[in-house]
file data-v2.txt (compact mmCIF, C-alpha atoms)
# COMPACT_ATOMS: atom_id res chain seq x y z
CA MET J 1 -116.76 -31.84 45.82
CA MET J 2 -116.17 -30.81 42.21
CA LYS J 3 -118.59 -32.08 39.59
CA PHE J 4 -117.08 -33.47 36.36
CA THR J 5 -118.72 -34.15 33.03
CA PRO J 6 -117.46 -36.58 30.37
CA ALA J 7 -116.41 -34.43 27.45
CA SER J 8 -117.41 -37.10 24.95
CA LEU J 9 -121.01 -36.97 26.19
CA THR J 10 -121.40 -33.19 26.05
CA ALA J 11 -122.63 -33.00 22.46
CA LYS J 12 -124.96 -35.97 22.91
CA ALA J 13 -126.47 -34.46 26.05
CA ALA J 14 -126.99 -31.15 24.31
CA LEU J 15 -128.93 -32.85 21.51
CA THR J 16 -131.12 -34.93 23.79
CA GLU J 17 -132.15 -32.09 26.14
CA PRO J 18 -135.41 -30.36 25.26
CA ALA J 19 -134.99 -26.93 23.69
CA PRO J 20 -137.26 -24.95 26.07
CA ASP J 21 -135.05 -25.85 29.05
CA ALA J 22 -131.85 -24.67 27.40
CA VAL J 23 -132.47 -20.93 27.62
CA PRO J 24 -133.40 -20.84 31.33
CA ALA J 25 -130.37 -23.01 32.09
CA ARG J 26 -128.05 -20.58 30.40
CA ARG J 27 -129.64 -17.66 32.20
CA ALA J 28 -129.34 -19.44 35.52
CA GLY J 29 -125.69 -20.13 34.81
CA LEU J 30 -125.02 -16.43 34.22
CA GLY J 31 -126.70 -15.43 37.48
CA PRO J 32 -123.65 -15.89 39.73
CA LEU J 33 -121.49 -14.02 37.19
CA PHE J 34 -123.55 -10.82 37.32
CA GLY J 35 -124.45 -11.22 40.99
CA HIS J 36 -120.82 -11.17 42.15
CA HIS J 37 -120.10 -7.48 42.77
CA GLY J 38 -116.34 -7.84 43.06
CA MET J 39 -116.15 -9.68 39.77
CA THR J 40 -118.38 -7.08 38.11
CA VAL J 41 -115.94 -4.35 39.15
CA GLY J 42 -112.99 -6.47 38.01
CA VAL J 43 -114.54 -7.16 34.62
CA ALA J 44 -115.29 -3.44 34.18
CA ILE J 45 -111.67 -2.55 34.95
CA MET J 46 -110.39 -5.23 32.59
CA VAL J 47 -112.67 -4.11 29.76
CA VAL J 48 -111.56 -0.48 30.12
CA VAL J 49 -107.85 -1.39 30.20
CA LEU J 50 -108.21 -3.84 27.32
CA LEU J 51 -110.04 -1.31 25.15
CA ALA J 52 -107.46 1.36 26.01
CA ALA J 53 -104.67 -1.02 25.00
CA LEU J 54 -106.32 -2.12 21.77
CA LEU J 55 -107.29 1.42 20.75
CA ALA J 56 -104.03 3.02 21.90
CA PRO J 57 -102.95 4.14 18.37
CA TRP J 58 -106.24 6.03 17.98
CA LEU J 59 -106.66 7.27 21.56
CA SER J 60 -103.10 8.55 21.98
CA PRO J 61 -102.96 12.32 21.35
CA HIS J 62 -99.20 12.24 20.61
CA ASP J 63 -96.44 9.88 19.54
CA PRO J 64 -95.35 8.02 22.72
CA TYR J 65 -91.74 7.99 21.48
CA LEU J 66 -91.51 11.63 20.35
CA GLN J 67 -89.09 13.61 22.54
CA ASN J 68 -89.28 17.36 23.05
CA VAL J 69 -86.96 18.61 25.78
CA ALA J 70 -88.53 22.07 25.58
CA ARG J 71 -91.76 20.53 26.96
CA ARG J 72 -90.22 18.29 29.63
CA LEU J 73 -92.08 17.68 32.91
CA ILE J 74 -95.23 19.59 31.98
CA PRO J 75 -97.71 18.89 34.83
CA PRO J 76 -101.07 17.21 34.23
CA VAL J 77 -104.22 19.15 33.46
CA TRP J 78 -105.44 19.31 37.06
CA ARG J 79 -102.32 21.22 38.16
CA ASP J 80 -102.24 25.02 37.92
CA THR J 81 -99.70 25.11 35.10
CA GLY J 82 -101.11 22.12 33.24
CA GLY J 83 -103.03 22.19 29.97
CA TRP J 84 -105.25 20.07 27.74
CA ASP J 85 -102.54 19.58 25.13
CA TYR J 86 -100.87 17.14 27.53
CA ILE J 87 -103.66 15.82 29.75
CA LEU J 88 -101.36 13.73 31.97
CA GLY J 89 -98.31 15.90 31.42
CA THR J 90 -94.94 14.88 30.00
CA ASP J 91 -91.92 12.99 31.30
CA LYS J 92 -88.32 14.12 31.70
CA LEU J 93 -87.75 13.84 27.94
CA GLY J 94 -90.91 15.70 26.96
CA ARG J 95 -92.84 12.60 25.87
CA ASP J 96 -96.61 12.62 26.34
CA TYR J 97 -97.50 10.68 29.49
CA LEU J 98 -101.02 9.71 28.41
CA SER J 99 -99.74 8.19 25.17
CA ARG J 100 -97.03 6.25 26.98
CA LEU J 101 -99.55 5.08 29.57
CA LEU J 102 -101.87 3.72 26.86
CA PHE J 103 -99.08 1.93 25.01
CA GLY J 104 -97.70 0.70 28.33
CA ALA J 105 -101.01 -1.08 28.93
CA ARG J 106 -100.31 -3.07 25.77
CA VAL J 107 -96.93 -4.15 27.08
CA SER J 108 -98.25 -5.17 30.50
CA LEU J 109 -101.21 -7.14 29.14
CA ALA J 110 -99.15 -8.82 26.42
CA ILE J 111 -96.47 -9.93 28.89
CA GLY J 112 -99.09 -11.14 31.40
CA LEU J 113 -101.06 -13.14 28.83
CA MET J 114 -98.05 -14.64 27.05
CA THR J 115 -96.42 -15.57 30.36
CA ALA J 116 -99.60 -17.34 31.45
CA LEU J 117 -99.69 -19.25 28.15
CA VAL J 118 -96.08 -20.39 28.46
CA ALA J 119 -96.40 -21.30 32.14
CA GLY J 120 -99.77 -22.97 31.56
CA ALA J 121 -98.43 -25.12 28.71
CA ILE J 122 -95.61 -26.37 30.92
CA GLY J 123 -97.55 -26.81 34.15
CA ILE J 124 -100.69 -28.36 32.68
CA THR J 125 -98.72 -30.84 30.58
CA LEU J 126 -96.65 -31.99 33.54
CA GLY J 127 -99.62 -31.97 35.92
CA VAL J 128 -101.89 -34.07 33.72
CA ILE J 129 -99.13 -36.59 33.01
CA ALA J 130 -98.23 -36.86 36.72
CA GLY J 131 -101.83 -37.17 37.84
CA TYR J 132 -102.81 -39.68 35.17
CA TYR J 133 -99.87 -42.09 35.34
CA GLY J 134 -98.82 -41.71 38.98
CA GLY J 135 -96.01 -43.92 40.28
CA ARG J 136 -92.45 -43.07 39.30
CA ILE J 137 -93.53 -40.53 36.72
CA ASP J 138 -95.49 -38.68 39.38
CA ALA J 139 -92.53 -38.86 41.78
CA ALA J 140 -90.13 -37.49 39.15
CA ILE J 141 -92.43 -34.59 38.28
CA ASN J 142 -92.98 -33.87 41.97
CA TYR J 143 -89.20 -33.66 42.34
CA LEU J 144 -89.11 -31.04 39.56
CA LEU J 145 -91.88 -29.17 41.36
CA THR J 146 -89.91 -29.23 44.61
CA VAL J 147 -86.83 -27.87 42.82
CA ARG J 148 -88.91 -25.09 41.28
CA LEU J 149 -90.52 -24.14 44.61
CA SER J 150 -87.09 -23.89 46.21
CA MET J 151 -86.15 -21.10 43.79
CA PRO J 152 -87.06 -17.50 44.71
CA VAL J 153 -88.74 -16.22 41.56
CA VAL J 154 -87.63 -12.59 41.77
CA LEU J 155 -83.99 -13.39 42.50
CA VAL J 156 -83.74 -16.02 39.76
CA ALA J 157 -85.44 -13.70 37.26
CA LEU J 158 -83.07 -10.86 38.18
CA ALA J 159 -80.02 -13.10 37.85
CA MET J 160 -81.05 -14.54 34.50
CA ALA J 161 -82.13 -11.19 33.07
CA SER J 162 -78.80 -9.66 34.07
CA LEU J 163 -76.99 -12.48 32.23
CA VAL J 164 -78.95 -12.56 28.98
CA GLY J 165 -80.17 -8.93 28.91
CA GLY J 166 -83.64 -7.49 29.28
CA SER J 167 -86.31 -7.43 26.57
CA VAL J 168 -89.97 -8.31 26.19
CA LYS J 169 -89.19 -11.79 24.83
CA VAL J 170 -86.68 -12.49 27.59
CA VAL J 171 -89.15 -11.39 30.29
CA ILE J 172 -91.92 -13.59 28.87
CA LEU J 173 -89.64 -16.62 28.59
CA LEU J 174 -88.12 -16.18 32.05
CA LEU J 175 -91.43 -15.67 33.82
CA GLY J 176 -93.07 -18.49 31.87
CA LEU J 177 -90.32 -20.86 33.00
CA LEU J 178 -90.75 -19.77 36.62
CA LEU J 179 -94.53 -19.53 37.13
CA TRP J 180 -95.80 -22.97 36.10
CA ASP J 181 -95.97 -24.51 39.58
CA ARG J 182 -99.58 -23.54 40.36
CA PHE J 183 -100.77 -24.87 37.02
CA LEU J 184 -99.03 -28.17 37.77
CA ILE J 185 -100.42 -28.49 41.30
CA VAL J 186 -104.03 -27.80 40.29
CA SER J 187 -104.01 -29.92 37.13
CA ARG J 188 -102.33 -32.85 38.91
CA SER J 189 -104.82 -32.75 41.78
CA VAL J 190 -107.87 -32.67 39.53
CA THR J 191 -106.46 -35.33 37.20
CA ARG J 192 -105.88 -37.68 40.15
CA GLN J 193 -109.58 -37.35 41.02
CA LEU J 194 -110.67 -37.85 37.43
CA ARG J 195 -108.62 -40.90 36.53
CA GLN J 196 -110.84 -43.13 38.71
CA ALA J 197 -114.09 -41.72 37.29
CA GLU J 198 -116.54 -44.01 35.52
CA PHE J 199 -116.40 -42.20 32.20
CA ILE J 200 -112.60 -42.59 32.14
CA ALA J 201 -112.99 -46.33 32.75
CA ALA J 202 -115.60 -46.44 29.99
CA ALA J 203 -113.22 -44.70 27.58
CA ARG J 204 -110.49 -47.22 28.41
CA SER J 205 -112.86 -50.14 27.86
CA LEU J 206 -113.70 -48.76 24.42
CA GLY J 207 -110.01 -48.83 23.51
CA ALA J 208 -109.21 -45.12 23.84
CA SER J 209 -105.51 -44.35 24.15
CA SER J 210 -104.04 -42.54 27.12
CA ALA J 211 -103.31 -39.49 24.96
CA PHE J 212 -106.93 -39.40 23.77
CA ILE J 213 -108.24 -39.67 27.34
CA MET J 214 -105.98 -36.90 28.62
CA LEU J 215 -106.76 -34.55 25.74
CA ARG J 216 -110.47 -35.22 25.20
CA GLU J 217 -111.77 -36.34 28.59
CA ILE J 218 -109.53 -34.80 31.26
CA LEU J 219 -108.46 -31.43 29.84
CA PRO J 220 -112.03 -30.10 29.30
CA ASN J 221 -112.76 -30.71 32.99
CA LEU J 222 -109.71 -28.64 33.99
CA THR J 223 -110.99 -25.46 32.36
CA GLY J 224 -112.72 -24.01 35.43
CA PRO J 225 -109.98 -24.29 38.08
CA LEU J 226 -107.19 -23.50 35.61
CA THR J 227 -108.95 -20.31 34.49
CA VAL J 228 -108.76 -19.09 38.08
CA VAL J 229 -105.06 -19.96 38.25
CA ALA J 230 -104.42 -18.20 34.93
CA THR J 231 -105.95 -14.93 36.13
CA LEU J 232 -103.81 -14.95 39.27
CA GLU J 233 -100.65 -15.74 37.30
CA ILE J 234 -101.36 -12.95 34.81
CA ALA J 235 -101.48 -10.46 37.68
CA HIS J 236 -98.33 -12.01 39.18
CA ALA J 237 -96.49 -11.76 35.85
CA ILE J 238 -97.48 -8.10 35.38
CA LEU J 239 -96.11 -7.22 38.82
CA LEU J 240 -92.89 -9.13 38.20
CA GLU J 241 -92.42 -7.44 34.83
CA ALA J 242 -92.89 -4.06 36.48
CA THR J 243 -90.30 -5.04 39.10
CA LEU J 244 -87.75 -6.12 36.49
CA SER J 245 -88.38 -3.01 34.38
CA PHE J 246 -88.06 -0.77 37.43
CA LEU J 247 -84.65 -2.30 38.12
CA GLY J 248 -83.58 -1.89 34.50
CA LEU J 249 -83.62 -5.61 33.68
CA GLY J 250 -87.02 -5.90 32.02
CA VAL J 251 -88.50 -3.87 29.19
CA GLN J 252 -85.84 -1.54 27.83
CA PRO J 253 -86.31 2.13 26.88
CA PRO J 254 -87.70 3.75 24.85
CA MET J 255 -90.50 1.15 24.88
CA PRO J 256 -93.25 2.31 27.27
CA SER J 257 -93.70 0.14 30.35
CA TRP J 258 -95.44 1.13 33.56
CA GLY J 259 -92.59 -0.22 35.69
CA LEU J 260 -90.06 1.61 33.53
CA MET J 261 -92.11 4.82 33.77
CA VAL J 262 -91.95 4.60 37.57
CA ALA J 263 -88.19 4.05 37.39
CA GLU J 264 -87.69 7.02 35.06
CA GLY J 265 -89.71 9.27 37.35
CA LYS J 266 -88.26 8.28 40.71
CA GLY J 267 -85.73 11.10 40.58
CA TYR J 268 -88.56 13.66 40.46
CA MET J 269 -90.95 12.06 42.96
CA PHE J 270 -90.55 14.85 45.57
CA PHE J 271 -91.10 17.75 43.15
CA GLN J 272 -93.35 16.19 40.46
CA PRO J 273 -94.95 13.23 42.29
CA TRP J 274 -97.41 12.58 39.48
CA VAL J 275 -94.60 11.07 37.35
CA ILE J 276 -94.65 7.96 39.56
CA LEU J 277 -98.22 8.19 40.89
CA ILE J 278 -99.87 7.90 37.45
CA PRO J 279 -98.16 4.67 36.28
CA GLY J 280 -98.18 3.31 39.84
CA VAL J 281 -101.93 3.80 40.23
CA ALA J 282 -102.54 2.35 36.75
CA LEU J 283 -100.53 -0.74 37.66
CA ALA J 284 -102.34 -1.15 40.99
CA VAL J 285 -105.78 -0.78 39.38
CA LEU J 286 -104.99 -3.31 36.64
CA VAL J 287 -103.71 -5.91 39.11
CA LEU J 288 -106.71 -5.25 41.37
CA GLY J 289 -109.11 -5.81 38.47
CA ILE J 290 -107.45 -9.08 37.48
CA ASN J 291 -107.48 -10.33 41.08
CA LEU J 292 -111.16 -9.43 41.46
CA VAL J 293 -111.96 -11.43 38.34
CA GLY J 294 -109.94 -14.36 39.68
CA ASP J 295 -111.70 -14.22 43.06
CA GLY J 296 -115.07 -14.11 41.34
CA LEU J 297 -114.26 -17.09 39.12
CA ARG J 298 -113.06 -19.00 42.18
CA ASP J 299 -116.30 -18.30 44.07
CA ILE J 300 -118.44 -19.23 41.07
CA THR J 301 -116.48 -22.44 40.51
CA ALA J 302 -116.87 -23.37 44.19
CA LEU J 303 -120.61 -22.66 43.99
CA ASP J 304 -120.98 -24.87 40.90
CA GLY J 305 -119.02 -27.63 42.66
CA ARG J 306 -121.40 -27.57 45.63
CA ASN J 307 -124.38 -27.71 43.35
call {"tool": "encode", "arguments": {"input": "data-v2.txt", "output": "structure tokens"}}
result
Amino acid sequence: MMKFTPASLTAKAALTEPAPDAVPARRAGLGPLFGHHGMTVGVAIMVVVLLAALLAPWLSPHDPYLQNVARRLIPPVWRDTGGWDYILGTDKLGRDYLSRLLFGARVSLAIGLMTALVAGAIGITLGVIAGYYGGRIDAAINYLLTVRLSMPVVLVALAMASLVGGSVKVVILLLGLLLWDRFLIVSRSVTRQLRQAEFIAAARSLGASSAFIMLREILPNLTGPLTVVATLEIAHAILLEATLSFLGLGVQPPMPSWGLMVAEGKGYMFFQPWVILIPGVALAVLVLGINLVGDGLRDITALDGRN
């Protein structure tokens, strides 16, 4: 069973606990984090990709948008005809593949994070309201959830993107409006457990409003399980963006996107297979790292709940 803490008592408890016990407690809390091997690998992958994305303007050896047809489809350095001027080679328009890969990491991470924020804002708001009030409000929100779950995400995203046109903003908005169901389910379930807790009853007896209780008492206790959901939805959004870009309905050229890079290289996959292997492997490694982090957070949250 999950263990909840009244948010209003957190500061008071921190002041009343003796100082010598605080440091060992923090160290003990970090033990599961560093002891989970899968999460350690996931965090390492995420740190590398994040640093590559943030430092892309300084790490990129060439302009990712600069075209040079005379240098088109140069193989990577490990091939016989490759060279260090273009470590990962060039694409069909002569653009440096390493530079486009680094800037493509920015696009993938930005879309994943922004989609999770949009979806989380919708799902958490609806979930907390449904779980706290119950009754007809809960039934109405559950009806919305049922309607959402009846929609195939990929098909709806493809249809809407084909109508309004593809772009980064459109992809973020579409995916954010389609991926809020898990946030709603988790936040509603936890809120239903919390609304009968003693500290919630105490807050009501002191005259706290419903808005205050939901924002200050319930939301802080949702952080753990919703963090796990957010990591999974970020990975889901990155894969969906790659799918839309591959089909020409997501990120539009010349902006670098890993899904778009795979689409642009599919015509050369039998003669220059690296043009789809490099962005494909990068996409798989990023999603793997995010999923490993999510699995680790889930295991740590379950361990804390048992304790």
call {"tool": "residues_around", "arguments": {"input": "data-v2.txt", "residues": "region 259-262 of chain J", "least_positions_apart": "3", "cutoff": "9 Å", "atoms": "only C-alpha atoms", "output": "CSV table (one decimal) with C-alpha atoms, in the coordinates of the input"}}
result
chain,number,residue,atom,x,y,z
J,91,ASP,CA,-91.9,13.0,31.3
J,100,ARG,CA,-97.0,6.2,27.0
J,101,LEU,CA,-99.6,5.1,29.6
J,104,GLY,CA,-97.7,0.7,28.3
J,239,LEU,CA,-96.1,-7.2,38.8
J,241,GLU,CA,-92.4,-7.4,34.8
J,242,ALA,CA,-92.9,-4.1,36.5
J,243,THR,CA,-90.3,-5.0,39.1
J,244,LEU,CA,-87.8,-6.1,36.5
J,245,SER,CA,-88.4,-3.0,34.4
J,246,PHE,CA,-88.1,-0.8,37.4
J,247,LEU,CA,-84.6,-2.3,38.1
J,248,GLY,CA,-83.6,-1.9,34.5
J,250,GLY,CA,-87.0,-5.9,32.0
J,251,VAL,CA,-88.5,-3.9,29.2
J,252,GLN,CA,-85.8,-1.5,27.8
J,253,PRO,CA,-86.3,2.1,26.9
J,255,MET,CA,-90.5,1.2,24.9
J,256,PRO,CA,-93.2,2.3,27.3
J,265,GLY,CA,-89.7,9.3,37.4
J,266,LYS,CA,-88.3,8.3,40.7
J,275,VAL,CA,-94.6,11.1,37.4
J,276,ILE,CA,-94.6,8.0,39.6
J,277,LEU,CA,-98.2,8.2,40.9
J,278,ILE,CA,-99.9,7.9,37.4
J,279,PRO,CA,-98.2,4.7,36.3
J,280,GLY,CA,-98.2,3.3,39.8
J,283,LEU,CA,-100.5,-0.7,37.7
call {"tool": "closest_residue", "arguments": {"input": "data-v2.txt", "among": "J:Val69, J:Ile111, J:Ala159, J:Val41", "to": "Ile290 (chain J)", "atoms": "all atoms listed in the file"}}
result
J:Val41
call {"tool": "atom_distance", "arguments": {"input": "data-v2.txt", "atom1": "CA of Met114 (chain J)", "atom2": "CA of Thr223 (chain J)"}}
result
17.7 Å
call {"tool": "closest_atom_pairs", "arguments": {"input": "data-v2.txt", "of": "region 186-237 of chain J", "to": "region 124-141 of chain J", "cutoff": "7 Å", "atoms": "only C-alpha atoms", "output": "CSV"}}
result
residue,atom,partner,partner_atom,distance
J:Ser187,CA,J:Gly127,CA,5.0
J:Arg188,CA,J:Gly127,CA,4.1
J:Ser189,CA,J:Gly131,CA,6.6
J:Thr191,CA,J:Gly131,CA,5.0
J:Arg192,CA,J:Gly131,CA,4.7
J:Arg195,CA,J:Tyr132,CA,6.1
call {"tool": "closest_residue", "arguments": {"input": "data-v2.txt", "among": "J:Leu158, J:Leu297, J:Val77, J:Ile185", "to": "Gly123 (chain J)", "atoms": "all atoms listed in the file"}}
result
J:Ile185
call {"tool": "closest_residue", "arguments": {"input": "data-v2.txt", "among": "J:Gly176, J:Pro273, J:Pro254, J:Gly267", "to": "Val118 (chain J)", "atoms": "all atoms listed in the file"}}
result
J:Gly176
call {"tool": "residues_near_point", "arguments": {"input": "data-v2.txt", "point": "(-102.0, 15.2, 30.7)", "cutoff": "8 Å", "atoms": "all atoms listed in the file", "output": "ChimeraX atom specification"}}
result
/J:75-77,82-90,96-98
call {"tool": "atom_distance", "arguments": {"input": "data-v2.txt", "atom1": "CA of Arg106 (chain J)", "atom2": "CA of Ala53 (chain J)"}}
result
4.9 Å
call {"tool": "atom_distance", "arguments": {"input": "data-v2.txt", "atom1": "CA of Leu149 (chain J)", "atom2": "CA of Ile234 (chain J)"}}
result
18.4 Å
call {"tool": "closest_residue", "arguments": {"input": "data-v2.txt", "among": "J:Val228, J:Met46, J:Asp181, J:Asn142", "to": "Val285 (chain J)", "atoms": "only C-alpha atoms"}}
result
J:Met46
